[in-house]
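A.B. asks: Got a structure for you, questions after.
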Amino acid sequence: VLCVFKDNNPKTPTSERYKAIGIRRRHGSDPPTDDLYGLVSVDGQRWRLLQKEPIISGPRGDSMFDSHNVAFWDSARGQYVIYARGWPSGTRGIRRAVSADFRRWSSLETLDLWGDADRDHLYKNAATPYYRRPDILLMFPKRFLEKRKAPDASWKHPGLSDIVFMSSRDGVHWDRQFREAF
């Protein structure tokens, strides 16, 4: 699963104008472990690995980069950011890392997106800067509710998914004022 974006960092060389992140399962790892790799392109069609090493190595046994992870240039804060899936305390959640150069990244930190509310599962985050106000970030994560039942009795599986809306002014603290589905 790739996340591709046009890099609007004014310091980016033309040869790296398009960037992407993608996962690769670490060969021979037991338990399975995923790493995130960076890719670059001059035109968004022909790609090359940014570097041989992963830009973020998953912790041992971490195979949780398996959702659509999101990366972009955060122009309001002058840094690259990745929002990636994680499993804090047994609940699907969202982690964040930042970088000044897209090569060296901070450690992944799990975002507290629940506060004192129920810890529902959140993944496939769809984080993005708002195009009219890049200092405001929006997120539309998929939420899985294990106890919810489908109105159609033909659906035999436990739980249902929907999309929730969140906003942030710093990328770390997210407002979930609206608890119902978006």
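How things are named: the first chain in the structure tokens is A, the next is B, and so on; residues count from 1 in each chain; ligands count from 1 in the order shown.
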Please extract the residues of chain A with a backbone DSSP assignment of strand (DSSP E) and present them as a count of residues only.

C.D. replies: 73

A.B. asks: Have a look at A:Asp162, A:Gly115, A:His27, A:Val172 and name the one nearest to Ala97 in chain A; count only C-alpha atoms.

C.D. replies: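 With only C-alpha atoms as the atom set, the closest residue is A:Val172.
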
A.B. asks: Between A:Arg60, A:Thr12, A:Val1, A:Ile82, single out the one closest to Ser106 in chain A, counting only C-alpha atoms.

C.D. replies: A:Ile82

A.B. asks: CA of Arg179 in chain A and CA of Val164 in chain A are how many Å apart?

C.D. replies: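 The value is 7.2 Å.
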
A.B. asks: Any idea what's packed within 9 Å of Tyr37 in chain A, counting only C-alpha atoms, ignoring anything in its chain fewer than 4 positions away? Could you give it as an NGL selection string?

C.D. replies: :A and (20-24 or 49-57)

A.B. asks: For the helix (DSSP H, G or I) assignment from backbone DSSP, which residues of chain A qualify? Please present them as a VMD selection string.

C.D. replies: chain A and resid 14 to 16 88 to 90

A.B. asks: Record the distance separating CA of Gly93 in chain A and CA of Asp112 in chain A, expressed in Å with one decimal.

C.D. replies: 8.4 Å
